[in-house]
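Peer 1: What follows is structure22.txt, made up of compact mmCIF, C-alpha atoms:
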# COMPACT_ATOMS: atom_id res chain seq x y z
CA MET A 1 -84.94 -34.22 -39.27
CA ARG A 2 -84.38 -37.95 -39.80
CA LYS A 3 -83.60 -40.07 -36.76
CA VAL A 4 -80.99 -42.84 -36.66
CA SER A 5 -79.90 -45.46 -34.15
CA LEU A 6 -76.37 -45.30 -32.80
CA GLY A 7 -74.92 -48.64 -33.80
CA ARG A 8 -76.72 -51.70 -32.47
CA SER A 9 -77.48 -50.07 -29.14
CA GLY A 10 -80.96 -48.84 -30.03
CA LEU A 11 -80.15 -45.32 -28.84
CA GLU A 12 -82.08 -43.17 -31.33
CA VAL A 13 -80.99 -39.60 -32.06
CA SER A 14 -81.32 -36.98 -34.78
CA ARG A 15 -78.97 -37.72 -37.67
CA LEU A 16 -77.24 -34.35 -37.24
CA GLY A 17 -76.37 -33.66 -33.63
CA PHE A 18 -75.23 -30.40 -32.08
CA GLY A 19 -71.66 -30.12 -30.82
CA CYS A 20 -71.59 -27.66 -27.95
CA MET A 21 -67.80 -27.14 -27.73
CA GLY A 22 -67.76 -23.62 -29.13
CA LEU A 23 -70.46 -22.19 -26.85
CA ALA A 24 -68.07 -21.36 -24.03
CA GLU A 25 -64.56 -20.97 -25.45
CA PHE A 26 -61.99 -22.14 -28.03
CA TYR A 27 -63.38 -20.23 -31.03
CA GLY A 28 -62.79 -16.72 -29.77
CA ASP A 29 -64.22 -15.18 -26.63
CA GLY A 30 -67.21 -17.49 -26.53
CA LEU A 31 -70.86 -16.51 -26.39
CA SER A 32 -72.86 -14.87 -23.66
CA ASN A 33 -75.01 -17.27 -21.68
CA ASN A 34 -78.11 -15.76 -23.25
CA ASP A 35 -76.83 -16.16 -26.82
CA ALA A 36 -75.70 -19.73 -26.13
CA GLU A 37 -79.16 -20.60 -24.84
CA LYS A 38 -80.79 -19.04 -27.92
CA ILE A 39 -78.60 -21.12 -30.23
CA LEU A 40 -79.42 -24.34 -28.39
CA GLU A 41 -83.11 -23.49 -28.51
CA ALA A 42 -82.95 -22.75 -32.23
CA ALA A 43 -81.30 -26.12 -32.91
CA PHE A 44 -83.94 -27.89 -30.83
CA GLU A 45 -86.77 -26.14 -32.67
CA ARG A 46 -85.30 -27.37 -35.97
CA GLY A 47 -85.47 -30.99 -34.87
CA VAL A 48 -82.07 -31.56 -33.30
CA ASN A 49 -82.39 -33.76 -30.24
CA PHE A 50 -78.78 -34.92 -29.77
CA PHE A 51 -76.49 -32.52 -27.90
CA ASP A 52 -72.83 -33.28 -27.30
CA THR A 53 -70.80 -31.59 -24.58
CA ALA A 54 -67.88 -32.41 -22.26
CA ASP A 55 -66.73 -31.55 -18.77
CA MET A 56 -63.60 -29.86 -20.19
CA TYR A 57 -65.50 -27.42 -22.42
CA GLY A 58 -65.42 -24.20 -20.49
CA ALA A 59 -64.13 -26.18 -17.49
CA GLY A 60 -67.66 -27.39 -16.73
CA HIS A 61 -69.52 -24.25 -17.81
CA ASN A 62 -70.61 -25.80 -21.09
CA GLU A 63 -72.53 -28.54 -19.29
CA GLU A 64 -74.25 -25.87 -17.21
CA LEU A 65 -75.34 -24.05 -20.38
CA VAL A 66 -76.87 -27.25 -21.74
CA ALA A 67 -78.59 -27.85 -18.42
CA LYS A 68 -80.12 -24.39 -18.41
CA ALA A 69 -81.41 -24.82 -21.96
CA PHE A 70 -83.07 -28.20 -21.42
CA SER A 71 -83.98 -28.35 -17.76
CA GLY A 72 -87.47 -29.76 -17.44
CA ARG A 73 -87.50 -31.39 -20.88
CA TRP A 74 -84.71 -33.96 -20.75
CA ASP A 75 -87.21 -36.51 -22.05
CA LYS A 76 -87.11 -34.70 -25.41
CA VAL A 77 -83.33 -34.62 -25.90
CA THR A 78 -80.37 -36.97 -25.69
CA VAL A 79 -77.23 -35.65 -24.04
CA ALA A 80 -73.71 -36.94 -24.46
CA THR A 81 -70.86 -35.73 -22.31
CA LYS A 82 -67.26 -36.77 -21.75
CA PHE A 83 -64.57 -37.16 -19.11
CA GLY A 84 -60.84 -37.65 -19.28
CA VAL A 85 -59.30 -34.25 -20.11
CA ARG A 86 -58.77 -32.70 -16.70
CA ARG A 87 -58.98 -28.99 -16.01
CA GLY A 88 -58.75 -26.94 -12.86
CA ALA A 89 -61.30 -24.50 -11.50
CA SER A 90 -59.64 -21.63 -13.39
CA GLY A 91 -59.46 -23.59 -16.64
CA GLU A 92 -55.86 -24.70 -16.32
CA TRP A 93 -54.94 -27.94 -18.11
CA LEU A 94 -54.16 -30.84 -15.79
CA GLY A 95 -53.60 -33.70 -18.21
CA ILE A 96 -55.45 -36.90 -19.11
CA SER A 97 -56.95 -39.34 -16.62
CA GLY A 98 -58.74 -42.63 -17.05
CA ARG A 99 -58.21 -43.85 -13.48
CA PRO A 100 -61.32 -45.71 -12.29
CA GLU A 101 -61.73 -43.47 -9.26
CA TYR A 102 -61.49 -40.40 -11.47
CA VAL A 103 -64.08 -41.82 -13.87
CA LYS A 104 -66.55 -42.06 -10.98
CA GLU A 105 -65.66 -38.61 -9.65
CA ALA A 106 -66.00 -36.94 -13.05
CA CYS A 107 -69.37 -38.59 -13.66
CA GLU A 108 -70.77 -37.33 -10.36
CA LYS A 109 -69.69 -33.78 -11.19
CA SER A 110 -71.22 -33.93 -14.67
CA LEU A 111 -74.49 -35.27 -13.29
CA LYS A 112 -74.60 -32.40 -10.83
CA ARG A 113 -73.83 -29.72 -13.43
CA LEU A 114 -76.37 -31.14 -15.87
CA GLY A 115 -78.96 -31.60 -13.13
CA ILE A 116 -79.88 -35.11 -14.23
CA GLU A 117 -79.80 -38.59 -12.71
CA THR A 118 -78.54 -40.45 -15.77
CA ILE A 119 -76.22 -39.48 -18.62
CA ASP A 120 -77.50 -40.86 -21.93
CA LEU A 121 -74.09 -41.36 -23.57
CA TYR A 122 -70.86 -41.07 -21.59
CA TYR A 123 -67.59 -40.88 -23.52
CA GLN A 124 -64.02 -41.34 -22.43
CA HIS A 125 -62.64 -38.25 -24.12
CA ARG A 126 -59.12 -39.55 -24.72
CA PRO A 127 -57.32 -42.76 -23.74
CA ASP A 128 -55.03 -42.50 -20.73
CA PRO A 129 -51.62 -43.92 -21.73
CA ASP A 130 -50.95 -44.86 -18.11
CA VAL A 131 -54.21 -46.73 -17.44
CA PRO A 132 -55.34 -49.90 -19.24
CA VAL A 133 -58.49 -49.21 -21.22
CA GLU A 134 -60.07 -52.23 -19.54
CA ASP A 135 -59.79 -50.47 -16.16
CA SER A 136 -61.38 -47.24 -17.36
CA VAL A 137 -64.21 -48.99 -19.17
CA GLY A 138 -64.66 -51.29 -16.19
CA ALA A 139 -65.48 -48.23 -14.12
CA MET A 140 -67.84 -46.97 -16.81
CA LYS A 141 -69.55 -50.36 -16.81
CA GLU A 142 -70.17 -49.95 -13.09
CA LEU A 143 -71.74 -46.55 -13.76
CA VAL A 144 -74.15 -48.24 -16.18
CA GLU A 145 -74.98 -50.87 -13.58
CA GLU A 146 -75.62 -48.11 -11.02
CA GLY A 147 -78.02 -46.35 -13.40
CA LYS A 148 -75.88 -43.24 -13.74
CA VAL A 149 -75.03 -43.86 -17.40
CA ARG A 150 -77.15 -45.45 -20.14
CA PHE A 151 -74.58 -46.04 -22.89
CA ILE A 152 -70.79 -45.92 -23.16
CA GLY A 153 -68.70 -44.18 -25.82
CA LEU A 154 -65.05 -43.58 -26.64
CA SER A 155 -63.28 -40.71 -28.39
CA GLU A 156 -60.05 -40.93 -30.42
CA PHE A 157 -59.27 -44.56 -29.56
CA SER A 158 -57.33 -46.96 -31.77
CA SER A 159 -58.87 -50.09 -33.27
CA GLU A 160 -57.05 -52.27 -30.74
CA GLN A 161 -58.25 -50.14 -27.84
CA ILE A 162 -61.83 -50.18 -29.13
CA ARG A 163 -61.85 -53.97 -29.27
CA ALA A 164 -60.36 -54.24 -25.78
CA ALA A 165 -62.99 -51.86 -24.41
CA HIS A 166 -65.85 -53.59 -26.20
CA ALA A 167 -64.84 -56.90 -24.60
CA ILE A 168 -65.50 -55.34 -21.18
CA HIS A 169 -68.79 -53.63 -22.04
CA PRO A 170 -70.56 -52.92 -25.35
CA ILE A 171 -69.44 -49.62 -26.81
CA THR A 172 -72.26 -47.62 -28.38
CA ALA A 173 -70.32 -44.90 -30.19
CA LEU A 174 -66.84 -43.84 -31.20
CA GLN A 175 -66.30 -40.13 -31.69
CA THR A 176 -63.27 -39.27 -33.80
CA GLU A 177 -62.29 -36.54 -36.24
CA TYR A 178 -63.28 -37.39 -39.83
CA SER A 179 -63.66 -35.17 -42.86
CA LEU A 180 -62.45 -34.70 -46.41
CA TRP A 181 -59.07 -33.63 -45.05
CA THR A 182 -58.84 -35.95 -42.02
CA ARG A 183 -59.19 -39.52 -43.26
CA ASN A 184 -56.79 -41.56 -41.13
CA VAL A 185 -59.68 -43.63 -39.72
CA GLU A 186 -60.05 -45.16 -43.19
CA GLU A 187 -56.44 -46.36 -43.20
CA GLU A 188 -56.12 -47.45 -39.58
CA GLY A 189 -58.96 -49.98 -39.56
CA ILE A 190 -61.09 -47.90 -37.21
CA LEU A 191 -64.14 -47.69 -39.46
CA GLU A 192 -63.91 -51.43 -40.14
CA THR A 193 -63.72 -52.17 -36.43
CA CYS A 194 -66.82 -50.08 -35.77
CA ARG A 195 -68.69 -51.92 -38.52
CA ASP A 196 -67.61 -55.31 -37.17
CA LEU A 197 -68.71 -54.50 -33.63
CA GLY A 198 -71.87 -52.55 -34.46
CA ILE A 199 -70.47 -49.32 -32.99
CA ALA A 200 -71.79 -46.02 -34.34
CA PHE A 201 -69.11 -43.72 -35.73
CA VAL A 202 -69.72 -40.09 -34.70
CA ALA A 203 -67.54 -37.77 -36.78
CA TYR A 204 -66.42 -34.50 -35.25
CA SER A 205 -65.16 -31.49 -37.21
CA PRO A 206 -66.65 -32.81 -40.51
CA LEU A 207 -66.29 -29.28 -41.92
CA GLY A 208 -62.57 -29.14 -41.16
CA ARG A 209 -63.23 -26.75 -38.28
CA GLY A 210 -64.92 -24.41 -40.73
CA PHE A 211 -62.16 -24.30 -43.34
CA LEU A 212 -63.85 -26.63 -45.84
CA THR A 213 -66.84 -24.28 -46.12
CA GLY A 214 -64.63 -21.51 -47.52
CA ALA A 215 -65.61 -19.22 -44.68
CA ILE A 216 -62.01 -18.84 -43.44
CA PRO A 217 -59.95 -17.40 -46.30
CA ASP A 218 -56.95 -16.56 -44.11
CA ARG A 219 -55.78 -16.35 -40.49
CA GLU A 220 -57.06 -12.80 -40.19
CA ALA A 221 -60.58 -14.23 -40.21
CA LEU A 222 -59.85 -15.87 -36.84
CA ASP A 223 -60.08 -14.04 -33.52
CA ALA A 224 -56.79 -13.41 -31.78
CA ASP A 225 -57.57 -16.00 -29.08
CA ASP A 226 -59.09 -18.59 -31.44
CA TRP A 227 -57.32 -21.90 -30.73
CA ARG A 228 -57.15 -22.67 -34.46
CA ARG A 229 -54.32 -20.15 -34.69
CA ASP A 230 -52.18 -22.76 -32.90
CA ASN A 231 -53.30 -25.57 -35.22
CA PRO A 232 -50.70 -26.31 -37.94
CA ARG A 233 -53.46 -26.61 -40.54
CA PHE A 234 -54.28 -22.96 -39.98
CA SER A 235 -50.76 -21.69 -40.56
CA ASP A 236 -50.41 -19.26 -43.47
CA ALA A 237 -48.57 -21.82 -45.59
CA ALA A 238 -51.06 -24.64 -44.93
CA MET A 239 -54.08 -22.45 -45.60
CA ALA A 240 -52.61 -21.20 -48.87
CA GLU A 241 -51.91 -24.79 -49.97
CA ASN A 242 -55.35 -26.08 -48.95
CA ALA A 243 -57.17 -23.19 -50.63
CA ARG A 244 -57.01 -25.24 -53.85
CA PHE A 245 -58.92 -27.99 -52.05
CA VAL A 246 -61.66 -25.56 -51.05
CA GLU A 247 -61.98 -24.39 -54.65
CA LEU A 248 -62.49 -27.99 -55.77
CA ILE A 249 -65.25 -28.44 -53.17
CA ARG A 250 -66.89 -25.24 -54.40
CA ASP A 251 -66.77 -26.46 -58.00
CA ILE A 252 -68.47 -29.72 -57.02
CA ALA A 253 -71.06 -27.81 -54.98
CA ASP A 254 -71.84 -25.46 -57.88
CA GLY A 255 -72.33 -28.42 -60.17
CA LYS A 256 -74.84 -29.98 -57.80
CA GLY A 257 -76.64 -26.84 -56.76
CA ALA A 258 -75.41 -27.30 -53.20
CA THR A 259 -73.24 -25.44 -50.72
CA ALA A 260 -69.62 -26.28 -49.93
CA ALA A 261 -70.73 -27.28 -46.43
CA GLN A 262 -73.29 -29.75 -47.83
CA VAL A 263 -70.65 -31.36 -50.06
CA ALA A 264 -68.22 -31.67 -47.14
CA LEU A 265 -70.89 -33.18 -44.87
CA ALA A 266 -71.95 -35.66 -47.57
CA TYR A 267 -68.52 -37.27 -47.54
CA GLY A 268 -68.64 -40.54 -45.65
CA ALA A 269 -72.35 -40.19 -44.93
Do you think you could lay out the structure here as structure tokens?
Peer 2:
Amino acid sequence: MRKVSLGRSGLEVSRLGFGCMGLAEFYGDGLSNNDAEKILEAAFERGVNFFDTADMYGAGHNEELVAKAFSGRWDKVTVATKFGVRRGASGEWLGISGRPEYVKEACEKSLKRLGIETIDLYYQHRPDPDVPVEDSVGAMKELVEEGKVRFIGLSEFSSEQIRAAHAIHPITALQTEYSLWTRNVEEEGILETCRDLGIAFVAYSPLGRGFLTGAIPDREALDADDWRRDNPRFSDAAMAENARFVELIRDIADGKGATAAQVALAYGA
């Protein structure tokens, strides 16, 4: 699998990383620990060396799954994790926080769960509307200086916020939703800002959370506790309307001898 550098940082990773969000929850009941470990191992054996998790996935459990899979071979993988979406011990949602003291606290907990001394890429998961981005990134900068974080990233930040953050400390990556049906980053100047500043753009949900592959024909294909059932794009009306879009992707794929997933992933590549 081809390797790429994230922006101008020099952080080299596999071109296709592995998003670990669904290992613990969100898309149904989640996987058993054993099955999650097998999936991570299979991705690693196929050349994936970039694994993306967050402290809010499974309320910390997701980081523990990644730790179990790669303990003793951290030199062979790059791990990204995130802070900012707070959850309680039982998984309850506690809101967003970018307070400097919370940044430090969250980092220490992630380091402990992962069982490592330094996080390769540390993202602020969402901007805190009550805390200036300069304050949050200032705390992240201190984590870099302390050797607890190698590179800094942001997730779902505006162009203005990205520039403000980058003035405090170089931002290595911006992670934001981008796909054939989520293209607002093209209109809001976010891609241009990343190009100007040499920041890697890491797209999440490039397959439209599975819909663009054609694998989800209707809501009945989703488990009862799948969070997509609460997403407006997965309402009956929206899915029926967007089915025409999936057919177009399939037509293009057939003409190129590719799969619908390959066509969707090729967009913006």
Peer 1: Compile a residue-level contact table for stretch 171-210 of chain A against stretch 138-151 of chain A at a cut-off of 12 Å, reporting for every qualifying residue the shortest atom pair and its distance in Å to one decimal, with only C-alpha atoms counted, rows ordered by chain and ascending number, as a Markdown table.
Peer 2:
| residue | atom | partner | partner_atom | distance |
| --- | --- | --- | --- | --- |
| A:Ile171 | CA | A:Phe151 | CA | 7.4 |
| A:Thr172 | CA | A:Phe151 | CA | 6.2 |
| A:Ala173 | CA | A:Phe151 | CA | 8.5 |
| A:Leu174 | CA | A:Phe151 | CA | 11.6 |
| A:Ile199 | CA | A:Phe151 | CA | 11.4 |
| A:Ala200 | CA | A:Phe151 | CA | 11.8 |
Peer 1: What is the distance, in Å and to one decimal place, between atom CA of A:Ser179 and atom CA of A:Leu207?
Peer 2: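 Atom CA of A:Leu207 lies 6.5 Å from atom CA of A:Ser179.
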Peer 1: Which of these, A:Asp55, A:Asp230, A:Glu25, A:Glu156, has the shortest distance to A:Ala89 once you count only C-alpha atoms?
Peer 2: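 Counting only C-alpha atoms, the residue closest to A:Ala89 is A:Asp55.
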Peer 1: Which is closer to A:Cys107 than all the others in A:Pro127, A:Gly84, A:Trp74, A:Ser90, using all atoms listed in the file?
Peer 2: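 Using all atoms listed in the file, the shortest distance to A:Cys107 belongs to A:Gly84.
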Peer 1: Which polymer residues have any atom within 12 Å of an atom of A:Val263, counting all atoms listed in the file, with same-chain residues fewer than 2 positions away left out, as a VMD selection string?
Peer 2: chain A and resid 179 to 180 206 to 207 212 to 214 246 248 to 261 265 to 269
Peer 1: Can you write just those residues out, C-alpha atoms, as a short mmCIF file (atom, residue, chain, number, x, y, z; two decimals), keeping the file's coordinate frame?
Peer 2:
data_model
loop_
_atom_site.label_atom_id
_atom_site.label_comp_id
_atom_site.auth_asym_id
_atom_site.auth_seq_id
_atom_site.Cartn_x
_atom_site.Cartn_y
_atom_site.Cartn_z
CA SER A 179 -63.66 -35.17 -42.86
CA LEU A 180 -62.45 -34.70 -46.41
CA PRO A 206 -66.65 -32.81 -40.51
CA LEU A 207 -66.29 -29.28 -41.92
CA LEU A 212 -63.85 -26.63 -45.84
CA THR A 213 -66.84 -24.28 -46.12
CA GLY A 214 -64.63 -21.51 -47.52
CA VAL A 246 -61.66 -25.56 -51.05
CA LEU A 248 -62.49 -27.99 -55.77
CA ILE A 249 -65.25 -28.44 -53.17
CA ARG A 250 -66.89 -25.24 -54.40
CA ASP A 251 -66.77 -26.46 -58.00
CA ILE A 252 -68.47 -29.72 -57.02
CA ALA A 253 -71.06 -27.81 -54.98
CA ASP A 254 -71.84 -25.46 -57.88
CA GLY A 255 -72.33 -28.42 -60.17
CA LYS A 256 -74.84 -29.98 -57.80
CA GLY A 257 -76.64 -26.84 -56.76
CA ALA A 258 -75.41 -27.30 -53.20
CA THR A 259 -73.24 -25.44 -50.72
CA ALA A 260 -69.62 -26.28 -49.93
CA ALA A 261 -70.73 -27.28 -46.43
CA LEU A 265 -70.89 -33.18 -44.87
CA ALA A 266 -71.95 -35.66 -47.57
CA TYR A 267 -68.52 -37.27 -47.54
CA GLY A 268 -68.64 -40.54 -45.65
CA ALA A 269 -72.35 -40.19 -44.93
#
Peer 1: At what distance in Å, to one decimal, does atom CA of A:Met21 lie from atom CA of A:Arg219?
Peer 2: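 Separating atom CA of A:Arg219 from atom CA of A:Met21 is a distance of 20.6 Å.
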Peer 1: Near A:Ser32, within 10 Å and counting all atoms listed in the file, which residues show up once chain neighbours fewer than 6 positions away are dropped, as a list in words?
Peer 2: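 Listed by chain and then number, they are Leu23, Ala24 and Lys38 of chain A.
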Peer 1: Rounded to one decimal in Å, what is the spacing between atom CA of A:Ser71 and atom CA of A:Leu111?
Peer 2: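 Pair atom CA of A:Ser71 / atom CA of A:Leu111 returns 12.6 Å.
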Peer 1: Please work out which residues fall within 10 Å of (-67.7, -33.7, -38.2), coordinates as given in the file, with only C-alpha atoms counting, and return them as number ranges by chain.
Peer 2: A: 16-17, 19, 175-180, 182, 202-209, 264-265
Peer 1: Hey, what's within 6 Å of A:Lys82 if we count all atoms listed in the file and toss same-chain stuff fewer than 2 positions away? As a ChimeraX atom specification, please?
Peer 2: /A:54,122-125
Peer 1: Using all atoms listed in the file, determine which residues lie at most 12 Å from A:Ala240, disregarding the query and same-chain residues fewer than 3 positions distant; provide the list as a short mmCIF file (atom, residue, chain, number, x, y, z; two decimals) with C-alpha atoms, in the coordinates of the input.
Peer 2:
data_model
loop_
_atom_site.label_atom_id
_atom_site.label_comp_id
_atom_site.auth_asym_id
_atom_site.auth_seq_id
_atom_site.Cartn_x
_atom_site.Cartn_y
_atom_site.Cartn_z
CA PHE A 211 -62.16 -24.30 -43.34
CA ILE A 216 -62.01 -18.84 -43.44
CA PRO A 217 -59.95 -17.40 -46.30
CA ASP A 218 -56.95 -16.56 -44.11
CA ARG A 219 -55.78 -16.35 -40.49
CA ARG A 233 -53.46 -26.61 -40.54
CA PHE A 234 -54.28 -22.96 -39.98
CA SER A 235 -50.76 -21.69 -40.56
CA ASP A 236 -50.41 -19.26 -43.47
CA ALA A 237 -48.57 -21.82 -45.59
CA ALA A 243 -57.17 -23.19 -50.63
CA ARG A 244 -57.01 -25.24 -53.85
CA PHE A 245 -58.92 -27.99 -52.05
CA VAL A 246 -61.66 -25.56 -51.05
CA GLU A 247 -61.98 -24.39 -54.65
#
Peer 1: Smallest atom-to-atom distance to A:Cys20: which of A:Thr78, A:Ser110, A:Ser159, A:Thr53, using all atoms listed in the file?
Peer 2: A:Thr53
Peer 1: So which residues touch A:Pro170 within 10 Å, counting only C-alpha atoms, skipping near sequence neighbours fewer than 3 positions away, as a VMD selection string?
Peer 2: chain A and resid 8 to 9 137 141 151 to 153 162 to 163 165 to 167 173 197 to 199
Peer 1: Would you compute an axis-aligned box for stretch 179-184 of chain A, covering every atom listed for it in the file with 8 Å of margin on each side, and report centre and edge lengths in Å to one decimal as lines of an AutoDock Vina configuration file?
Peer 2:
center_x = -60.2
center_y = -37.6
center_z = -43.8
size_x = 22.9
size_y = 23.9
size_z = 21.3
Peer 1: Pick the closest to A:Glu101 from A:Ile116, A:Val131, A:Asp226, A:Phe157: which is it, counting only C-alpha atoms?
Peer 2: A:Val131
Peer 1: Smallest atom-to-atom distance to A:Glu192: which of A:Ser5, A:Asp135, A:Glu160, A:Glu64, using all atoms listed in the file?
Peer 2: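 Nearest candidate to A:Glu192 out of A:Ser5, A:Asp135, A:Glu160, A:Glu64: A:Glu160.
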Peer 1: Writing N, CA, C and O atoms and nothing else, produce stretch 193-208 of chain A as a CSV table (one decimal), in the first residue's frame.
Peer 2:
chain,number,residue,atom,x,y,z
A,193,THR,N,-7.7,26.5,2.2
A,193,THR,CA,-6.9,26.9,3.4
A,193,THR,C,-5.8,25.8,3.7
A,193,THR,O,-4.7,26.1,4.0
A,194,CYS,N,-6.3,24.5,3.6
A,194,CYS,CA,-5.3,23.4,3.9
A,194,CYS,C,-4.2,23.4,2.9
A,194,CYS,O,-3.0,23.2,3.2
A,195,ARG,N,-4.5,23.7,1.6
A,195,ARG,CA,-3.5,23.8,0.6
A,195,ARG,C,-2.5,24.9,0.9
A,195,ARG,O,-1.3,24.8,0.8
A,196,ASP,N,-3.0,26.1,1.2
A,196,ASP,CA,-2.2,27.2,1.5
A,196,ASP,C,-1.2,27.0,2.7
A,196,ASP,O,-0.1,27.4,2.6
A,197,LEU,N,-1.7,26.3,3.7
A,197,LEU,CA,-0.9,26.1,4.9
A,197,LEU,C,-0.1,24.8,4.9
A,197,LEU,O,0.6,24.5,5.9
A,198,GLY,N,-0.3,24.0,3.9
A,198,GLY,CA,0.4,22.7,3.9
A,198,GLY,C,-0.1,21.7,4.9
A,198,GLY,O,0.6,20.9,5.4
A,199,ILE,N,-1.5,21.8,5.1
A,199,ILE,CA,-2.1,20.9,6.1
A,199,ILE,C,-2.8,19.7,5.3
A,199,ILE,O,-3.5,19.9,4.3
A,200,ALA,N,-2.5,18.5,5.7
A,200,ALA,CA,-3.2,17.3,5.1
A,200,ALA,C,-4.6,17.3,5.4
A,200,ALA,O,-5.1,17.6,6.5
A,201,PHE,N,-5.4,17.0,4.4
A,201,PHE,CA,-6.9,16.9,4.6
A,201,PHE,C,-7.2,15.4,4.7
A,201,PHE,O,-6.9,14.6,3.8
A,202,VAL,N,-7.7,15.0,5.8
A,202,VAL,CA,-8.1,13.6,6.1
A,202,VAL,C,-9.6,13.5,6.0
A,202,VAL,O,-10.3,14.0,6.9
A,203,ALA,N,-10.1,12.9,5.0
A,203,ALA,CA,-11.6,12.8,4.8
A,203,ALA,C,-12.2,11.7,5.6
A,203,ALA,O,-11.6,10.5,5.6
A,204,TYR,N,-13.2,11.9,6.4
A,204,TYR,CA,-13.9,10.8,7.0
A,204,TYR,C,-15.3,10.6,6.3
A,204,TYR,O,-15.8,11.5,5.7
A,205,SER,N,-15.8,9.4,6.5
A,205,SER,CA,-17.0,8.9,5.8
A,205,SER,C,-17.0,9.2,4.3
A,205,SER,O,-18.0,9.7,3.7
A,206,PRO,N,-15.9,8.8,3.6
A,206,PRO,CA,-15.9,9.1,2.1
A,206,PRO,C,-16.8,8.2,1.4
A,206,PRO,O,-17.1,8.4,0.2
A,207,LEU,N,-17.4,7.1,2.0
A,207,LEU,CA,-18.4,6.3,1.4
A,207,LEU,C,-19.8,6.6,1.9
A,207,LEU,O,-20.7,5.8,1.7
A,208,GLY,N,-19.9,7.9,2.4
A,208,GLY,CA,-21.3,8.3,2.8
A,208,GLY,C,-21.9,7.4,3.9
A,208,GLY,O,-23.0,7.0,3.9
